[in-house]
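Report on the structure given below.
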Amino acid sequence: MAIVKRSIKGMTKLSTKHLLGIKYLTPTDINLIFKTADNFKEVINRPIKKVPSLRDTTIANLFFENSTRTRISFELAQKRLSADVINFSASSSSVKKGETLIDTVNNILAMKVDMIVMRHPNPGAAVFLSKHIDASILNAGDGAHEHPTQALLDAYSIREKLGNVKGKNILIAGDILHSRVALSNIFCLQKLGANVMVSGPPTLLPMHIDKLGVKVETDLRKALEWCDVANMLRIQLERQDVRYIPSLREYSMLYGLNKDLLDSLKKKIIVMHPGPINRGVEITSDVADSKQSIILEQVENGVAIRMAVLYLLAGRNED
Amino acid sequence: MKPKVILDSTNFEITINRLCHQLIENHNNFSESALIGLQPRGIFLANRIQKTLSQILKSKNIKCGNLDITFYRDDFRKKELIPNRTQIDFIVEDKKVILIDDVLFTGRTIRAGLDAMLAFGRPKSVELMVLVDRRYSRHLPIQPDYVGKTIDSIASQKVKVEWKEIEGKDTVWLLSNDQ
C-alpha cells in the first residue's frame, strides 16, 4: 500500500537564530513568518487574545533609542504569547554611567533572560551583539541600517491588501538616506519579487542606491503614476545634522503627498506610512485618514508579525 | 508486520452513521450543540459528521468549526509546530460542544484542545468523539464519549486514517513504526 505521508510545504523553521536584518532571511523564511502571522492575526481577534506558547520564555526589551509603536507592539506581542517581559530604556539606566553594551546585556542575561529585543542608535549594534552573546536577538531598529519587523509588517500588509507582493510596483518615498525602514523594505520586497522604486529630494537619496537594483525617480508625481503602493517615509527631523532640505514647507510642496495629487492619479494606489507621521509634511491629514491609507492596518499587522517572529525564534531554542 | 486494515470503506461508513445516531440521542436537533474538529486531521471527521447529520436531520444549521491547537501544545520546541487555520464562526458560550479528532492516543492533543477552546468562551458541556481509540496508551485522564473503533496497539505501532477527500478512499490502517 502506498503510505501518503503528510506533505509539509516549504520549511517549518527559520534558517536563522536571530532576526538581525532582512538581509539574513531567505524568501522561505519570510513566507513562513507570513503564514505564522496569519494564524496570530486570527488569535488577536479572538475574545481571549492570549495563547500560552511562550509561558516559559523571558524576553528583555532594550531600547537605547526612543520608540512608541515598535516598543508597544513588541511588548503586546510578547504578552499575547504569555512571555515574561522586562523593559529597559537607556535614559533611566546605568548606560548613563558608562557601562558597555556587552556588559549591560550580559548582566541582563545573567538574570536568566532568553531573548533580547533591541533598538540602538548605532548601525550594526544587533549584529555586533549577536557575535558576543548566546541569546536570540531581535533587531528593533539599529541606526540607519535595518528595521526588519517593520519591513515584514509592511510587506505583509501589502500581501493582505493585494493578495501578493510578487510583481507589484512599490514606491518608497521621502527621507531614504536616514531610513532603516527604507533599506529593510527594499531587501524584503525584492526577496518577495516586487519592483521597488525610491523617490525623494536628491540630497536625501543615498549615493549608489541604484546598485541595490531599485529604480530612482526624483519627481514624485511620476513615481506615484508608476506605483501600486506608496510607502511615504517620515522626514527624520532629529537626524537633519546638515540642511538637506531648504524648509519643511518646500519639502511638503515638492515631495509631500496631498489629496489633490492622490486624486489626480490614474489608478487608486495604496498609501502606507510606518509612523510616526509628520502630518502636513510628507503626507497631509486627509490622505493619512483616507480610504486608500492602510496605516492603521499596518499597526495591527505589526503585532501579528512580531508574535510570529518571536514564536518561530523561541521555537528554535533547543537546537 | 504487514499493514492491517482496521476499518474498510464499507465499515467506515457504517461507523460514521452509528456515531451520528449516537449524537442525535444526546443532542436532539443540535440547536444548542456544536461540533469542533481539531486540526489537522480531526476536521475531516467533523466535516463528515456534519454532512451526515445534516442529511439525517434534514437541517442546514449544524454548527461545525475547526480548531488549531498548536499554540496550546505542551511539546513546543520538541517538535516543529506549524499552525493550521482556526475557524469558529459561532458562539461557543453555553453550547454543548463535541470535540472531534481522528485518533485518540496519549490524550495530550485533547488536553490542548480543551485549553484552546476556552479562548472562545465557556461551553455548557464538552464531549469527545474519536474515530479510533487506542486503549491503554493514555498519558492523561481523558476518555472519549463516542468511539468509532477501539483498538489495542503497542506504542511502536501507528494508526493512520485515510479520507476520501484527501487520499481518495476511506480506510483506517494499523502500521508498524517503520512503515
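Here, A, B, ... name the chains of the C-alpha cells in the order displayed, residue numbers run from 1 inside each chain, and ligands are numbered from 1 in the same displayed order.
Using only C-alpha atoms, we find that the part of chain A lying within 7 Å of chain B comprises Thr12, Lys13, Thr36, Asn39, Arg46, Pro47, Ile48, Val51, Pro52, Ser53, Gly315, Arg316 and Glu318 of chain A.
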Any chance you can output those residues with C-alpha atoms as a short mmCIF file (atom, residue, chain, number, x, y, z; two decimals), in the first residue's frame?
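Done, and the output landed in result-v7.cif:
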data_model
loop_
_atom_site.label_atom_id
_atom_site.label_comp_id
_atom_site.auth_asym_id
_atom_site.auth_seq_id
_atom_site.Cartn_x
_atom_site.Cartn_y
_atom_site.Cartn_z
CA THR A 12 8.94 24.57 9.10
CA LYS A 13 11.52 26.62 10.91
CA THR A 36 2.50 32.01 11.00
CA ASN A 39 -2.67 32.43 12.47
CA ARG A 46 -10.47 36.33 19.44
CA PRO A 47 -12.39 37.24 22.60
CA ILE A 48 -9.37 35.98 24.57
CA VAL A 51 -2.01 31.90 23.87
CA PRO A 52 0.32 30.08 26.27
CA SER A 53 3.13 29.21 23.79
CA GLY A 315 10.82 27.51 18.98
CA ARG A 316 14.39 27.10 17.77
CA GLU A 318 16.71 23.81 21.83
#
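Residues lying within 12 Å of B:Lys4, counting only C-alpha atoms and ignoring same-chain neighbours fewer than 6 positions away, are A:Met1, B:Ser153, B:Gln157, B:Lys158, B:Val159, B:Lys160, B:Val161, B:Thr171, B:Val172, B:Trp173, B:Leu174, B:Leu175, B:Ser176, B:Gln179.
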Take the residues from that selection and write them out as an mmCIF file, in the first residue's frame, keeping C-alpha atoms.
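Heads up, here's the output in result-v6.cif:
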data_model
loop_
_atom_site.group_PDB
_atom_site.id
_atom_site.type_symbol
_atom_site.label_atom_id
_atom_site.label_comp_id
_atom_site.auth_asym_id
_atom_site.auth_seq_id
_atom_site.Cartn_x
_atom_site.Cartn_y
_atom_site.Cartn_z
ATOM 1 C CA MET A 1 0.000 0.000 0.000
ATOM 2 C CA SER B 153 -1.975 -1.469 19.934
ATOM 3 C CA GLN B 157 2.610 0.986 16.008
ATOM 4 C CA LYS B 158 0.835 3.767 14.183
ATOM 5 C CA VAL B 159 -2.776 4.275 13.251
ATOM 6 C CA LYS B 160 -3.406 6.068 10.001
ATOM 7 C CA VAL B 161 -6.800 7.332 8.958
ATOM 8 C CA THR B 171 -9.651 3.462 5.340
ATOM 9 C CA VAL B 172 -8.118 3.064 8.778
ATOM 10 C CA TRP B 173 -4.732 1.310 8.824
ATOM 11 C CA LEU B 174 -2.612 -0.132 11.599
ATOM 12 C CA LEU B 175 1.061 0.211 10.685
ATOM 13 C CA SER B 176 4.297 -0.709 12.359
ATOM 14 C CA GLN B 179 6.192 1.925 7.520
#
Write out as a ChimeraX atom specification the set of residues from chain B that DSSP, computed on the backbone, places in helix (DSSP H, G or I).
/B:9-27,42-57,70-72,108-118,164-167
Can I get the selected residues back with N, CA and C atoms, as a short mmCIF file (atom, residue, chain, number, x, y, z; two decimals), in the first residue's frame?
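What ended up in selection_34.cif:
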data_model
loop_
_atom_site.label_atom_id
_atom_site.label_comp_id
_atom_site.auth_asym_id
_atom_site.auth_seq_id
_atom_site.Cartn_x
_atom_site.Cartn_y
_atom_site.Cartn_z
N SER B 9 -13.77 0.73 3.72
CA SER B 9 -14.67 1.85 3.41
C SER B 9 -16.14 1.55 3.75
N THR B 10 -16.55 0.27 3.64
CA THR B 10 -17.93 -0.07 4.00
C THR B 10 -18.18 0.12 5.49
N ASN B 11 -17.29 -0.47 6.28
CA ASN B 11 -17.44 -0.34 7.73
C ASN B 11 -17.25 1.09 8.20
N PHE B 12 -16.41 1.81 7.49
CA PHE B 12 -16.15 3.21 7.78
C PHE B 12 -17.47 3.99 7.74
N GLU B 13 -18.23 3.76 6.67
CA GLU B 13 -19.49 4.49 6.51
C GLU B 13 -20.50 4.09 7.58
N ILE B 14 -20.54 2.77 7.89
CA ILE B 14 -21.45 2.29 8.93
C ILE B 14 -21.10 2.95 10.26
N THR B 15 -19.80 3.04 10.52
CA THR B 15 -19.35 3.64 11.79
C THR B 15 -19.75 5.10 11.87
N ILE B 16 -19.53 5.83 10.79
CA ILE B 16 -19.89 7.26 10.78
C ILE B 16 -21.39 7.41 11.05
N ASN B 17 -22.19 6.56 10.39
CA ASN B 17 -23.64 6.63 10.60
C ASN B 17 -24.02 6.34 12.04
N ARG B 18 -23.36 5.33 12.61
CA ARG B 18 -23.66 5.00 14.00
C ARG B 18 -23.32 6.16 14.93
N LEU B 19 -22.13 6.77 14.70
CA LEU B 19 -21.72 7.89 15.54
C LEU B 19 -22.75 9.02 15.46
N CYS B 20 -23.26 9.26 14.26
CA CYS B 20 -24.25 10.33 14.09
C CYS B 20 -25.52 10.03 14.88
N HIS B 21 -25.98 8.77 14.82
CA HIS B 21 -27.20 8.42 15.56
C HIS B 21 -26.98 8.51 17.07
N GLN B 22 -25.78 8.14 17.50
CA GLN B 22 -25.48 8.30 18.94
C GLN B 22 -25.53 9.77 19.35
N LEU B 23 -25.01 10.63 18.47
CA LEU B 23 -25.02 12.07 18.76
C LEU B 23 -26.46 12.58 18.86
N ILE B 24 -27.30 12.12 17.94
CA ILE B 24 -28.69 12.60 17.93
C ILE B 24 -29.42 12.20 19.22
N GLU B 25 -29.10 11.00 19.74
CA GLU B 25 -29.70 10.56 21.01
C GLU B 25 -29.47 11.60 22.11
N ASN B 26 -28.27 12.20 22.12
CA ASN B 26 -27.93 13.13 23.20
C ASN B 26 -28.17 14.60 22.86
N HIS B 27 -28.23 14.90 21.58
CA HIS B 27 -28.25 16.32 21.21
C HIS B 27 -29.50 16.72 20.43
N GLY B 42 -8.55 16.03 12.51
CA GLY B 42 -9.87 15.85 13.11
C GLY B 42 -10.96 16.56 12.32
N ILE B 43 -10.57 17.55 11.53
CA ILE B 43 -11.57 18.34 10.80
C ILE B 43 -12.28 17.51 9.74
N PHE B 44 -11.60 16.47 9.24
CA PHE B 44 -12.25 15.64 8.22
C PHE B 44 -13.40 14.85 8.83
N LEU B 45 -13.16 14.31 10.04
CA LEU B 45 -14.23 13.58 10.72
C LEU B 45 -15.36 14.55 11.08
N ALA B 46 -15.00 15.73 11.57
CA ALA B 46 -16.02 16.71 11.94
C ALA B 46 -16.88 17.08 10.74
N ASN B 47 -16.23 17.33 9.60
CA ASN B 47 -16.98 17.70 8.39
C ASN B 47 -17.89 16.57 7.92
N ARG B 48 -17.38 15.33 8.02
CA ARG B 48 -18.16 14.18 7.59
C ARG B 48 -19.38 13.99 8.49
N ILE B 49 -19.15 14.15 9.80
CA ILE B 49 -20.24 14.01 10.76
C ILE B 49 -21.29 15.10 10.50
N GLN B 50 -20.81 16.33 10.24
CA GLN B 50 -21.74 17.43 9.98
C GLN B 50 -22.59 17.12 8.73
N LYS B 51 -21.93 16.62 7.71
CA LYS B 51 -22.62 16.33 6.45
C LYS B 51 -23.68 15.24 6.67
N THR B 52 -23.29 14.16 7.37
CA THR B 52 -24.21 13.05 7.58
C THR B 52 -25.37 13.47 8.49
N LEU B 53 -25.04 14.25 9.55
CA LEU B 53 -26.10 14.73 10.44
C LEU B 53 -27.09 15.60 9.68
N SER B 54 -26.58 16.46 8.79
CA SER B 54 -27.45 17.34 8.02
C SER B 54 -28.42 16.53 7.19
N GLN B 55 -27.92 15.39 6.62
CA GLN B 55 -28.80 14.54 5.82
C GLN B 55 -29.85 13.86 6.69
N ILE B 56 -29.41 13.34 7.84
CA ILE B 56 -30.34 12.60 8.70
C ILE B 56 -31.39 13.55 9.28
N LEU B 57 -30.93 14.71 9.76
CA LEU B 57 -31.86 15.64 10.43
C LEU B 57 -32.52 16.60 9.45
N THR B 70 -2.06 24.28 18.02
CA THR B 70 -0.59 24.36 18.03
C THR B 70 -0.05 25.23 19.16
N PHE B 71 -0.66 26.41 19.36
CA PHE B 71 -0.11 27.35 20.35
C PHE B 71 -0.37 26.90 21.79
N TYR B 72 -1.16 25.86 21.96
CA TYR B 72 -1.51 25.38 23.30
C TYR B 72 -0.82 24.06 23.65
N ARG B 108 -2.88 14.08 24.92
CA ARG B 108 -2.29 15.42 25.05
C ARG B 108 -2.91 16.43 24.08
N THR B 109 -3.23 15.96 22.89
CA THR B 109 -3.87 16.86 21.92
C THR B 109 -5.21 17.35 22.45
N ILE B 110 -5.96 16.43 23.06
CA ILE B 110 -7.28 16.79 23.57
C ILE B 110 -7.14 17.77 24.73
N ARG B 111 -6.14 17.57 25.56
CA ARG B 111 -5.87 18.49 26.67
C ARG B 111 -5.65 19.89 26.12
N ALA B 112 -4.80 19.99 25.08
CA ALA B 112 -4.53 21.29 24.45
C ALA B 112 -5.80 21.83 23.79
N GLY B 113 -6.59 20.93 23.21
CA GLY B 113 -7.84 21.33 22.55
C GLY B 113 -8.82 21.95 23.53
N LEU B 114 -8.92 21.37 24.73
CA LEU B 114 -9.81 21.92 25.77
C LEU B 114 -9.37 23.34 26.13
N ASP B 115 -8.06 23.50 26.28
CA ASP B 115 -7.49 24.80 26.60
C ASP B 115 -7.78 25.82 25.51
N ALA B 116 -7.52 25.41 24.27
CA ALA B 116 -7.69 26.31 23.13
C ALA B 116 -9.15 26.72 22.99
N MET B 117 -10.07 25.77 23.22
CA MET B 117 -11.49 26.06 23.04
C MET B 117 -11.97 27.10 24.03
N LEU B 118 -11.40 27.08 25.23
CA LEU B 118 -11.85 28.03 26.26
C LEU B 118 -11.57 29.48 25.89
N LYS B 164 -11.53 10.00 2.05
CA LYS B 164 -11.91 10.11 0.65
C LYS B 164 -11.48 11.46 0.08
N GLU B 165 -11.66 12.51 0.89
CA GLU B 165 -11.38 13.87 0.41
C GLU B 165 -9.89 14.08 0.12
N ILE B 166 -9.03 13.37 0.83
CA ILE B 166 -7.58 13.61 0.69
C ILE B 166 -6.91 12.46 -0.05
N GLU B 167 -7.09 11.24 0.49
CA GLU B 167 -6.36 10.11 -0.08
C GLU B 167 -7.18 9.34 -1.12
#
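Distances from A:Cys227, A:Leu248, A:Ile295, A:Leu54 to A:Lys267 were compared using only C-alpha atoms, and the smallest one belongs to A:Cys227.
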List the neighbours of stretch 269-286 of chain A out to 8 Å using only C-alpha atoms; skip same-chain residues closer than 4 positions along the sequence, and give me the result as an mmCIF file with C-alpha atoms, in the first residue's frame.
data_model
loop_
_atom_site.group_PDB
_atom_site.id
_atom_site.type_symbol
_atom_site.label_atom_id
_atom_site.label_comp_id
_atom_site.auth_asym_id
_atom_site.auth_seq_id
_atom_site.Cartn_x
_atom_site.Cartn_y
_atom_site.Cartn_z
ATOM 1 C CA ARG A 69 4.847 51.948 18.232
ATOM 2 C CA GLN A 150 8.726 46.967 10.130
ATOM 3 C CA ASP A 154 4.780 46.413 5.550
ATOM 4 C CA GLY A 174 10.868 60.512 1.376
ATOM 5 C CA VAL A 181 12.743 51.243 7.167
ATOM 6 C CA CYS A 227 3.366 52.516 -8.385
ATOM 7 C CA ASP A 228 0.611 50.300 -6.905
ATOM 8 C CA VAL A 229 1.622 51.126 -3.359
ATOM 9 C CA ALA A 230 3.326 54.240 -1.976
ATOM 10 C CA ASN A 231 5.118 53.955 1.351
ATOM 11 C CA MET A 232 5.604 57.564 2.472
ATOM 12 C CA LEU A 233 8.508 57.776 4.903
ATOM 13 C CA ARG A 234 8.875 60.323 7.623
ATOM 14 C CA ILE A 235 11.306 63.210 7.333
ATOM 15 C CA LEU A 248 9.737 71.755 5.541
ATOM 16 C CA ARG A 249 7.269 73.890 3.624
ATOM 17 C CA TYR A 251 9.647 69.739 1.060
ATOM 18 C CA SER A 252 5.946 69.337 1.588
ATOM 19 C CA TYR A 255 7.708 65.799 -2.090
ATOM 20 C CA GLY A 256 4.623 65.623 0.098
ATOM 21 C CA LEU A 257 1.525 63.633 -0.823
ATOM 22 C CA ASN A 258 -1.702 65.630 -0.674
ATOM 23 C CA LYS A 259 -5.271 64.763 -1.587
ATOM 24 C CA SER A 290 -8.390 58.465 3.568
ATOM 25 C CA GLN A 292 -6.663 54.457 0.408
ATOM 26 C CA SER A 293 -4.498 54.598 3.514
ATOM 27 C CA ILE A 294 -3.727 51.341 5.373
ATOM 28 C CA ILE A 295 -1.684 52.981 8.119
ATOM 29 C CA GLN A 298 -0.049 48.212 9.354
#
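When atom CA of A:Leu183 is paired with atom CA of A:Asn87, their separation reads 26.9 Å.
Residues in contact with A:Pro27 at 9 Å, where only C-alpha atoms are counted and same-chain residues fewer than 5 positions away are skipped, are listed as A:Leu32, A:Cys188, A:Lys191, A:Leu192.
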For A:Ile44, please output as number ranges by chain all residues within 9 Å (counting only C-alpha atoms; exclusion window: fewer than 4 positions along the same chain).
A: 39-40, 48-50, 80, 303-304
Please dump the current selection as a PDB file, in the first residue's frame; keep N, CA and C atoms.
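The result, stored in out04.pdb:
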ATOM      1  N   ASN A  39      -2.037  33.088  11.329  1.00  0.00           N
ATOM      2  CA  ASN A  39      -2.667  32.427  12.473  1.00  0.00           C
ATOM      3  C   ASN A  39      -2.735  33.336  13.685  1.00  0.00           C
ATOM      4  N   PHE A  40      -1.675  34.111  13.901  1.00  0.00           N
ATOM      5  CA  PHE A  40      -1.691  35.014  15.056  1.00  0.00           C
ATOM      6  C   PHE A  40      -2.671  36.156  14.845  1.00  0.00           C
ATOM      7  N   ILE A  48     -10.546  36.071  23.706  1.00  0.00           N
ATOM      8  CA  ILE A  48      -9.370  35.984  24.574  1.00  0.00           C
ATOM      9  C   ILE A  48      -8.155  35.939  23.658  1.00  0.00           C
ATOM     10  N   LYS A  49      -7.347  36.998  23.737  1.00  0.00           N
ATOM     11  CA  LYS A  49      -6.332  37.216  22.701  1.00  0.00           C
ATOM     12  C   LYS A  49      -4.984  36.622  23.059  1.00  0.00           C
ATOM     13  N   LYS A  50      -4.971  35.696  23.974  1.00  0.00           N
ATOM     14  CA  LYS A  50      -3.698  35.252  24.516  1.00  0.00           C
ATOM     15  C   LYS A  50      -3.535  33.744  24.320  1.00  0.00           C
ATOM     16  N   ARG A  80       0.870  38.669  24.565  1.00  0.00           N
ATOM     17  CA  ARG A  80      -0.138  37.804  23.947  1.00  0.00           C
ATOM     18  C   ARG A  80       0.365  36.376  23.813  1.00  0.00           C
ATOM     19  N   VAL A 303       1.605  43.642  15.310  1.00  0.00           N
ATOM     20  CA  VAL A 303       1.543  42.749  16.474  1.00  0.00           C
ATOM     21  C   VAL A 303       1.583  41.291  16.004  1.00  0.00           C
ATOM     22  N   ALA A 304       0.817  40.971  14.966  1.00  0.00           N
ATOM     23  CA  ALA A 304       0.776  39.588  14.469  1.00  0.00           C
ATOM     24  C   ALA A 304       2.146  39.163  13.939  1.00  0.00           C
TER      25      ALA A 304
END
Surrounding residues of B:Val97 excluding itself and chain neighbours under 6 positions, 8 Å, only C-alpha atoms, as a list in words:
Ser33, Ala34, Leu35, Ile36, Pro123, Lys124, Ser125, Val126 and Glu127 of chain B
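The smallest atom-to-atom distance between A:Leu177 and any of A:Gln78, A:Asn164, A:Gln236, A:Thr100, using only C-alpha atoms, is found for A:Gln236.
Here the residues within stretch 73-139 of chain A that DSSP labels strand (DSSP E) on the basis of the backbone are Asp84, Val85, Ile86, Asn87, Phe88, Ser89, Met115, Ile116, Val117, Met118, Arg119, His120, Ser136, Ile137, Leu138 and Asn139 of chain A.
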